[in-house]
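Right, one structure below, let's go through it.
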Amino acid sequence: MNQRLVLFKFICFICLTVIFPACKKEKNERSVIPEIRLVDVNPLQIKEYKDKIVFNLFYQDADGDIGENNDAVKNLFITDSRNGITYQYRIKQLSPDGAEVSIEGNLMVELNSTGILNGANSEPVSYSIYLTDRAGNSSNTVVTEGLMIIK
């Protein structure tokens, strides 16, 4: 009976030493699903029909399949919170097909002038932004805050 208990403890010990290290995730492991972060938006006060809004986005993707060479394919989307209109853009292909290299960097995206929709002298606005990669994976969505359109 004592030998069975020793054998059982030995088997449990072996299982634990094999299973737990296999569950450990690498801290620097990146996802093949693209990730974006809003770095900056300028200007914060937008002159109606005059100012362009510039979004500075940081991106990273473990397999490098962000961007597209086909002009007809849109892969970055900016949605106006006031009316739900989505502006579509194309990010140029950032790495060759099949390269599967980890990439990161910044994208500068310009939204042409916008107007006040509520008839007032000023109106707050926010935009939600996400992108898709060539595999069809959608990034997280970032939302701008603190933007005001003025006459």
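Quick note on naming: the chains in the structure tokens go A, B, ... in the order shown, residues restart at 1 in each chain, and ligands are numbered from 1 in order of appearance.
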### Message
Using only C-alpha atoms, which protein or nucleic acid residues come within 10 Å of Gly84 (chain A)? Drop anything in the same chain fewer than 5 positions from it, and give the result as a ChimeraX atom specification.
### Response
/A:78-79,127-128
Can I get the selection written as a PDB file, in the first residue's frame, with N, CA and C atoms?
ATOM      1  N   ILE A  78     -12.956  54.307 -40.416  1.00  0.00           N
ATOM      2  CA  ILE A  78     -13.174  55.357 -39.422  1.00  0.00           C
ATOM      3  C   ILE A  78     -14.664  55.687 -39.440  1.00  0.00           C
ATOM      4  N   THR A  79     -15.320  55.518 -38.293  1.00  0.00           N
ATOM      5  CA  THR A  79     -16.764  55.736 -38.201  1.00  0.00           C
ATOM      6  C   THR A  79     -17.059  56.958 -37.347  1.00  0.00           C
ATOM      7  N   TYR A 127     -14.672  59.470 -33.134  1.00  0.00           N
ATOM      8  CA  TYR A 127     -14.530  58.524 -34.234  1.00  0.00           C
ATOM      9  C   TYR A 127     -14.024  57.197 -33.679  1.00  0.00           C
ATOM     10  N   SER A 128     -14.547  56.106 -34.224  1.00  0.00           N
ATOM     11  CA  SER A 128     -14.009  54.791 -33.878  1.00  0.00           C
ATOM     12  C   SER A 128     -13.235  54.281 -35.093  1.00  0.00           C
TER      13      SER A 128
END
#### Entry: Arg134 (chain A) environment, 9 Å, only C-alpha atoms, sequence neighbours closer than 3 positions dropped, as number ranges by chain
A: 65-68, 75, 137
### Task
Report the distance between CA of Ile150 (chain A) and CA of Gln45 (chain A) in Å, rounded to one decimal place.
6.7 Å
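Remark: for Ile91 (chain A), the closest of the candidate residues A:Ala120, A:Val143, A:Ala62, A:Leu131 is A:Leu131 (distances computed over only C-alpha atoms).
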### Task
List every residue of region 8-147 of chain A that DSSP, applied to the backbone, labels as strand (DSSP E), and write the result as a PyMOL selection string.
chain A and resi 35-42+45-47+53-61+76-80+86-89+103-111+122-125+127-131+142-143+147
Dump of C-alpha atoms for the selected residues, as a short mmCIF file (atom, residue, chain, number, x, y, z; two decimals), in the first residue's frame:
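Saved as out29.cif:
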data_model
loop_
_atom_site.label_atom_id
_atom_site.label_comp_id
_atom_site.auth_asym_id
_atom_site.auth_seq_id
_atom_site.Cartn_x
_atom_site.Cartn_y
_atom_site.Cartn_z
CA GLU A 35 -3.53 45.56 -32.76
CA ILE A 36 -3.77 49.33 -32.95
CA ARG A 37 -3.40 52.16 -30.46
CA LEU A 38 -4.37 55.79 -30.92
CA VAL A 39 -1.24 57.88 -30.40
CA ASP A 40 -2.56 61.32 -31.28
CA VAL A 41 -5.33 63.28 -33.04
CA ASN A 42 -4.92 66.79 -34.42
CA GLN A 45 -10.82 71.89 -32.34
CA ILE A 46 -11.78 71.35 -35.97
CA LYS A 47 -12.85 74.31 -38.08
CA ILE A 53 -8.30 65.63 -38.94
CA VAL A 54 -5.06 63.65 -38.67
CA PHE A 55 -5.09 60.36 -36.73
CA ASN A 56 -1.72 58.93 -35.66
CA LEU A 57 -2.12 55.18 -35.07
CA PHE A 58 0.44 52.71 -33.76
CA TYR A 59 0.04 49.19 -35.20
CA GLN A 60 1.60 45.79 -34.60
CA ASP A 61 0.99 42.41 -36.17
CA LEU A 76 -8.95 50.80 -42.47
CA PHE A 77 -12.29 52.13 -41.26
CA ILE A 78 -13.17 55.36 -39.42
CA THR A 79 -16.76 55.74 -38.20
CA ASP A 80 -18.34 59.07 -37.20
CA THR A 86 -17.87 54.93 -42.08
CA TYR A 87 -14.98 56.29 -44.14
CA GLN A 88 -12.93 53.57 -45.83
CA TYR A 89 -9.22 53.71 -46.57
CA ILE A 103 5.76 44.34 -37.97
CA GLU A 104 4.97 47.48 -36.04
CA GLY A 105 4.94 51.17 -36.77
CA ASN A 106 2.78 54.25 -37.12
CA LEU A 107 0.12 55.17 -39.65
CA MET A 108 -0.96 58.74 -40.28
CA VAL A 109 -4.53 58.88 -41.61
CA GLU A 110 -6.25 62.09 -42.74
CA LEU A 111 -9.98 62.67 -42.69
CA SER A 122 -20.12 73.80 -32.27
CA GLU A 123 -20.58 70.06 -31.94
CA PRO A 124 -18.61 67.32 -30.18
CA VAL A 125 -17.57 64.35 -32.28
CA TYR A 127 -14.53 58.52 -34.23
CA SER A 128 -14.01 54.79 -33.88
CA ILE A 129 -11.17 53.25 -35.89
CA TYR A 130 -10.14 49.70 -36.73
CA LEU A 131 -8.29 47.87 -39.49
CA VAL A 142 -9.93 52.63 -30.78
CA VAL A 143 -12.14 55.64 -30.08
CA LEU A 147 -12.85 66.54 -30.43
#
### Query
What does the distance from CA of Ser126 (chain A) to CA of Leu44 (chain A) come to in Å, to one decimal?
10.5 Å
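Among the candidates A:Asn83, A:Val32, A:Asn69, A:Gly64, the residue lying nearest to Gly98 (chain A) is A:Gly64 (atoms considered: only C-alpha atoms).
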### Task
Apply DSSP to the structure's backbone, then extract all residues of chain A labelled helix (DSSP H, G or I) and return them as a list of chain:residue names.
A:Asn2, A:Gln3, A:Arg4, A:Leu5, A:Val6, A:Leu7, A:Phe8, A:Lys9, A:Phe10, A:Ile11, A:Cys12, A:Phe13, A:Ile14, A:Cys15, A:Leu16, A:Thr17, A:Val18, A:Ile19, A:Phe20, A:Pro21, A:Ala22, A:Cys23
### Message
Restricting the calculation to only C-alpha atoms: of A:Pro34, A:Lys50, A:Met148, A:Leu94, which residue gets closest to Asn121 (chain A)?
### Response
A:Met148
## Note on the structure
The distance between CA of Asn140 (chain A) and CA of Ser31 (chain A) is 11.8 Å
### Query
Near Glu48 (chain A), within 6 Å and counting only C-alpha atoms, which residues show up once chain neighbours fewer than 3 positions away are dropped, as a PyMOL selection string?
chain A and resi 114-115+149-151
